[in-house]
Structures are given as structure tokens and as C-alpha cells.
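Trainee: Sharing final_33.cif, mmCIF, C-alpha atoms:
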```cif
data_upload
loop_
_atom_site.label_atom_id
_atom_site.label_comp_id
_atom_site.auth_asym_id
_atom_site.auth_seq_id
_atom_site.Cartn_x
_atom_site.Cartn_y
_atom_site.Cartn_z
CA GLN A 1 -22.33 16.51 -23.09
CA LYS A 2 -18.82 16.66 -21.65
CA VAL A 3 -15.89 15.73 -23.87
CA LYS A 4 -13.28 13.32 -22.52
CA MET A 5 -9.87 12.08 -23.50
CA VAL A 6 -9.98 8.31 -23.09
CA VAL A 7 -6.69 6.43 -22.80
CA PHE A 8 -6.33 2.67 -23.10
CA ALA A 9 -2.77 1.66 -22.14
CA ASP A 10 -1.29 -1.81 -22.16
CA ALA A 11 2.07 -3.57 -22.00
CA SER A 12 3.60 -7.00 -22.38
CA PHE A 13 6.49 -7.86 -20.09
CA GLY A 14 9.61 -9.31 -21.74
CA ASN A 15 7.77 -10.23 -24.93
CA LEU A 16 10.18 -8.88 -27.55
CA ASP A 17 12.62 -11.09 -29.46
CA ASN A 18 15.43 -10.82 -26.91
CA LYS A 19 13.02 -11.74 -24.06
CA ILE A 20 14.43 -8.79 -22.09
CA ASN A 21 12.62 -5.80 -23.55
CA SER A 22 8.91 -5.21 -23.15
CA SER A 23 6.40 -3.66 -25.50
CA ARG A 24 3.96 -0.96 -24.62
CA GLY A 25 1.07 0.63 -26.42
CA TYR A 26 -1.77 3.04 -25.99
CA VAL A 27 -4.68 4.36 -27.95
CA ILE A 28 -6.27 7.74 -27.18
CA PHE A 29 -9.82 8.67 -28.10
CA LEU A 30 -11.80 11.89 -27.90
CA SER A 31 -15.17 10.81 -26.55
CA THR A 32 -18.60 12.11 -25.65
CA GLY A 33 -19.27 9.05 -23.50
CA THR A 34 -20.69 6.54 -25.97
CA GLU A 35 -19.09 7.80 -29.17
CA ALA A 36 -15.39 8.22 -29.79
CA GLY A 37 -12.84 9.11 -32.42
CA CYS A 38 -9.26 7.94 -32.31
CA LEU A 39 -6.80 10.80 -31.96
CA THR A 40 -3.58 8.80 -31.84
CA TRP A 41 -2.01 5.50 -30.94
CA ALA A 42 1.47 4.17 -30.30
CA ALA A 43 3.04 0.74 -30.07
CA ASN A 44 6.72 0.27 -29.44
CA LYS A 45 9.44 -0.90 -27.07
CA ALA A 46 9.17 0.31 -23.49
CA SER A 47 11.49 3.21 -22.74
CA ARG A 48 13.57 1.16 -20.30
CA VAL A 49 14.12 -2.45 -19.31
CA VAL A 50 11.64 -3.31 -16.58
CA SER A 51 11.62 -6.02 -13.94
CA SER A 52 7.89 -6.79 -13.73
CA THR A 53 4.57 -6.68 -15.53
CA LEU A 54 3.45 -3.97 -13.10
CA GLU A 55 6.39 -1.79 -14.11
CA ALA A 56 5.73 -2.33 -17.83
CA GLU A 57 2.03 -1.51 -17.40
CA THR A 58 2.89 1.59 -15.36
CA LEU A 59 5.25 2.89 -18.07
CA ALA A 60 2.61 2.31 -20.75
CA LEU A 61 0.01 4.21 -18.73
CA LEU A 62 2.42 7.05 -17.97
CA ASP A 63 3.30 7.39 -21.67
CA GLY A 64 -0.37 7.38 -22.64
CA LEU A 65 -1.24 10.00 -20.02
CA ASN A 66 1.64 12.24 -21.11
CA HIS A 67 0.39 12.17 -24.67
CA ALA A 68 -3.25 12.68 -23.60
CA GLU A 69 -2.30 15.79 -21.63
CA LEU A 70 -0.52 17.24 -24.65
CA LEU A 71 -3.47 16.46 -26.91
CA ARG A 72 -5.94 17.89 -24.42
CA GLY A 73 -4.23 21.28 -24.64
CA ILE A 74 -4.36 21.21 -28.44
CA VAL A 75 -8.01 20.11 -28.53
CA ALA A 76 -8.98 22.75 -25.94
CA GLU A 77 -7.36 25.43 -28.04
CA LEU A 78 -9.23 24.23 -31.13
CA MET A 79 -12.59 23.86 -29.35
CA PHE A 80 -12.51 26.83 -26.99
CA GLY A 81 -9.88 29.12 -28.49
CA SER A 82 -7.66 28.78 -25.44
CA GLU A 83 -5.51 26.07 -23.92
CA SER A 84 -6.51 27.45 -20.51
CA GLU A 85 -9.97 25.89 -21.02
CA GLU A 86 -8.52 22.39 -20.99
CA HIS A 87 -10.24 21.70 -17.64
CA PHE A 88 -13.43 21.22 -19.66
CA ILE A 89 -11.89 18.05 -21.11
CA SER A 90 -11.32 15.31 -18.55
CA ILE A 91 -8.85 12.47 -18.96
CA VAL A 92 -10.04 8.97 -18.10
CA ALA A 93 -7.58 6.09 -18.44
CA PHE A 94 -8.00 2.34 -18.53
CA THR A 95 -5.54 -0.38 -17.58
CA ASP A 96 -6.00 -4.14 -17.51
CA SER A 97 -3.51 -4.41 -14.67
CA ASN A 98 -5.57 -4.78 -11.52
CA GLN A 99 -2.36 -4.45 -9.49
CA LEU A 100 -1.64 -1.05 -11.09
CA ALA A 101 -5.20 0.19 -10.62
CA GLN A 102 -5.09 -0.80 -6.95
CA SER A 103 -1.63 0.74 -6.45
CA LEU A 104 -2.89 4.11 -7.66
CA TYR A 105 -5.55 4.27 -4.94
CA SER A 106 -3.50 2.68 -2.16
CA THR A 107 -1.14 4.10 0.44
CA LYS A 108 1.15 1.05 0.21
CA HIS A 109 4.49 1.51 -1.51
CA VAL A 110 6.22 -0.87 -3.89
CA SER A 111 9.84 -1.83 -3.28
CA ASN A 112 11.21 -0.84 -6.72
CA HIS A 113 12.18 2.84 -6.44
CA LYS A 114 11.83 3.69 -10.15
CA LEU A 115 8.41 2.07 -10.21
CA GLN A 116 7.40 3.88 -7.02
CA ARG A 117 8.30 7.25 -8.59
CA ASP A 118 6.25 6.43 -11.70
CA ILE A 119 3.24 5.37 -9.62
CA GLU A 120 3.54 8.52 -7.47
CA ASN A 121 3.68 10.61 -10.66
CA ILE A 122 0.30 9.19 -11.75
CA LYS A 123 -1.12 9.53 -8.23
CA GLN A 124 -0.18 13.24 -8.17
CA ARG A 125 -2.00 13.75 -11.47
CA LEU A 126 -5.09 12.15 -9.95
CA VAL A 127 -4.90 14.27 -6.79
CA ARG A 128 -4.39 17.50 -8.76
CA GLY A 129 -7.25 16.61 -11.11
CA VAL A 130 -5.02 16.56 -14.18
CA VAL A 131 -6.30 13.02 -14.71
CA SER A 132 -9.88 12.41 -13.59
CA GLU A 133 -9.72 8.69 -13.11
CA VAL A 134 -7.81 5.50 -13.84
CA ARG A 135 -10.04 2.44 -14.08
CA TRP A 136 -9.36 -1.24 -14.33
CA VAL A 137 -10.83 -3.00 -17.35
CA SER A 138 -10.74 -6.72 -18.10
CA THR A 139 -8.17 -7.86 -20.65
CA ASP A 140 -10.93 -8.81 -23.10
CA GLN A 141 -12.09 -5.15 -23.03
CA MET A 142 -8.57 -3.67 -23.30
CA LEU A 143 -8.60 -1.87 -26.64
CA ALA A 144 -4.78 -1.48 -26.65
CA ASP A 145 -4.20 -5.25 -26.28
CA PRO A 146 -3.59 -5.81 -30.03
CA LEU A 147 -0.86 -3.15 -29.92
CA THR A 148 1.28 -5.20 -27.51
CA LYS A 149 0.50 -8.86 -28.09
CA LYS A 150 1.02 -10.90 -31.22
CA GLY A 151 -2.21 -12.66 -32.21
CA ALA A 152 -4.43 -10.66 -29.82
CA ASP A 153 -8.09 -10.20 -30.76
CA CYS A 154 -8.45 -6.95 -32.71
CA SER A 155 -12.23 -7.10 -33.15
CA LYS A 156 -13.17 -4.71 -30.31
CA LEU A 157 -10.63 -2.09 -31.36
CA ASP A 158 -11.68 -2.50 -35.00
CA TYR A 159 -15.33 -2.05 -34.01
CA VAL A 160 -14.65 1.21 -32.15
CA LEU A 161 -12.47 2.55 -34.97
CA GLU A 162 -15.01 1.66 -37.66
CA THR A 163 -18.22 2.70 -35.89
CA GLY A 164 -17.12 5.34 -33.41
CA LYS A 165 -19.13 3.51 -30.74
CA ILE A 166 -17.40 2.86 -27.43
CA PHE A 167 -18.73 1.37 -24.20
CA ASN A 168 -20.16 3.97 -21.85
CA ILE A 169 -17.25 5.89 -20.40
#
```
Show me, as C-alpha cells, the structure contained in the file I just sent.
Mentor:
Amino acid sequence: QKVKMVVFADASFGNLDNKINSSRGYVIFLSTGTEAGCLTWAANKASRVVSSTLEAETLALLDGLNHAELLRGIVAELMFGSESEEHFISIVAFTDSNQLAQSLYSTKHVSNHKLQRDIENIKQRLVRGVVSEVRWVSTDQMLADPLTKKGADCSKLDYVLETGKIFNI
């Protein structure tokens, strides 16, 4: 069974105390499809002030993918003895931003130039096969939601962390 890096990335726009900064978070699993182990997670302030939810979600996904690529090289070296075998480990990412998911598979451009560069960065990873797929998932299935929102339901993330069972990826 093929091993995958699974990234759940989420953000909250303007939700920090000053109402200007946004939070972002991601959780990365190593998965066989229905079972998964958490490799890492992060939850903190977005790296720059953003002007929309789409931009915050894009930064969160980009951060998660950057970390997944780094981890994939390390895991490939441990599993196969060589980082050059990393192509045996695909990266699949999930976002609960339908607008972001659609933007990644669209030819339309957004008007914000920084955001456009970030979206194009992810698109290039998809085209080159560095990232296998970015999928939309409903907010109630977003495992990174508790990392970015005060009072969010943690039960699904807790379940995956405790049991190692994840929905079929």
C-alpha cells in the first residue's frame, strides 16, 4: 500500500486580538490510506497581514506544503535509504476553502498580486507532481480547524490522533 503525506491546512482571517492579524495552522500525517500517524503540526500567526480569507487560507496551505515536502525527504531517506526515492510518497492536501480549491484548478487570476504568486506557487507544485492533489473538505471534516479557531470542535482530530484511523484518503 502506498504511503502518503496528508496535509490539513486551515486559517482564520483577522481573528487575533488586534483584529488585523490572522492565524494559520496545519497538521501533517503519514498515512497508508485509512490509517495515519501525526508527524507534526503548527498553529501560529500568519507570516504576513492578509486582506482576505482566501489569502489566509492560501498561506496556511503553502506553509503546510513546504513542511510536508521537507518531511517527505526525511521519511524517504528513513524508509528507502535515499531522499531520491521521495516520489514513492505522494502529498495530498486538504483545505476547507472552496474558493482556494477552485483557484488551484482554474485559469482565472485573482487581483491581489501577492496572493496570485502564492496560488501559482501551489499550482506549479501540482503540475510538476511535487504535490499530488489538493482537495476541498467541508469545515466539519477539517482536522486543522481546532488549531485556528477558539472553541472549535476537537473531536475528529482527537479521534485520529488517538486511534490512528483517518477517513479514506
Trainee: Just how far from CA of Leu61 in chain A is CA of Asn44 in chain A, in Å to one decimal?
Mentor: 13.2 Å
Trainee: Anything within 12 Å of (6.1, 2.6, -6.4): list those residues as a list in words, counting only C-alpha atoms and sticking to the file's coordinates.
Mentor: Leu54, Glu55, Thr58, Leu59, Gln99, Leu100, Gln102, Ser103, Leu104, Tyr105, Ser106, Thr107, Lys108, His109, Val110, Ser111, Asn112, His113, Lys114, Leu115, Gln116, Arg117, Asp118, Ile119, Glu120, Asn121, Ile122 and Lys123 of chain A
Trainee: May I have the residues within 8 Å of Thr95 in chain A as a compact mmCIF listing (two decimals) with C-alpha atoms, in the frame of the given file, using all atoms listed in the file and disregarding those fewer than 4 positions away in the same chain?
Mentor:
```
# COMPACT_ATOMS: atom_id res chain seq x y z
CA PHE A 8 -6.33 2.67 -23.10
CA ALA A 9 -2.77 1.66 -22.14
CA ASP A 10 -1.29 -1.81 -22.16
CA GLU A 57 2.03 -1.51 -17.40
CA LEU A 61 0.01 4.21 -18.73
CA LEU A 100 -1.64 -1.05 -11.09
CA ALA A 101 -5.20 0.19 -10.62
CA VAL A 134 -7.81 5.50 -13.84
CA ARG A 135 -10.04 2.44 -14.08
CA TRP A 136 -9.36 -1.24 -14.33
CA VAL A 137 -10.83 -3.00 -17.35
CA MET A 142 -8.57 -3.67 -23.30
```
Trainee: Skip Gln141 in chain A itself and residues of its chain fewer than 6 positions away, then list as a PyMOL selection string all residues within 10 Å of it, counting all atoms listed in the file.
Mentor: chain A and resi 8+94-96+156-157+167
Trainee: Using all atoms listed in the file, which residue out of A:Ser23, A:Ser90, A:Asn98, A:Ser155 lies closest to Ala11 in chain A?
Mentor: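 The answer is A:Ser23, which sits nearest to Ala11 in chain A.
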Trainee: Could you work out how far CA of Phe88 in chain A lies from CA of Lys2 in chain A, giving the answer in Å with one decimal?
Mentor: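 Between these atoms lies a distance of 7.3 Å.
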Trainee: When distances are computed from only C-alpha atoms, which of A:Thr40, A:Thr53, A:Ser138, A:Ser12 shows the smallest separation from Leu70 in chain A?
Mentor: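 Closest to Leu70 in chain A of all the choices is A:Thr40.
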Trainee: In Å, rounded to a single decimal, give me how far CA of Glu77 in chain A is from CA of Val160 in chain A.
Mentor: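 Value for the CA of Val160 in chain A-CA of Glu77 in chain A distance: 25.6 Å.
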Trainee: What does the PyMOL selection byres ((chain A and resi 133) around 8) select in this file, as a ChimeraX atom specification?
Mentor: /A:91-93,126,131-132,134-135
Trainee: Out of A:Thr139, A:Cys154, A:Lys4, A:Tyr159, which residue has the shortest atom-to-atom distance to Ser97 in chain A when counting only C-alpha atoms?
Mentor: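 Smallest separation from Ser97 in chain A among the options: A:Thr139.
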Trainee: I need the output of the PyMOL selection byres ((chain A and resi 89) around 12) for this file as a ChimeraX atom specification; which residues are they?
Mentor: /A:1-6,29-33,68-77,79-80,83-88,90-92,129-132
Trainee: So which one's closest to Arg24 in chain A, A:Leu62, A:Ala152, A:Leu161, A:Leu147? Using all atoms listed in the file, please.
Mentor: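 Checking each of A:Leu62, A:Ala152, A:Leu161, A:Leu147 against Arg24 in chain A, counting all atoms listed in the file, the winner is A:Leu147.
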Trainee: Compare A:Gly37, A:Gly64, A:Pro146, A:Gly151 by their minimum atom-to-atom distance to Thr163 in chain A, counting all atoms listed in the file, and give me the closest one.
Mentor: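 When distances to Thr163 in chain A are compared using all atoms listed in the file, the smallest one comes from A:Gly37.
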Trainee: Specify the axis-aligned box that encloses all atoms of range 109-125 of chain A listed in the file after padding of 3 Å on each side, stating its centre and edge lengths in Å to one decimal as lines of an AutoDock Vina configuration file.
Mentor:
```
center_x = 5.1
center_y = 6.0
center_z = -6.6
size_x = 20.2
size_y = 21.6
size_z = 16.2
```
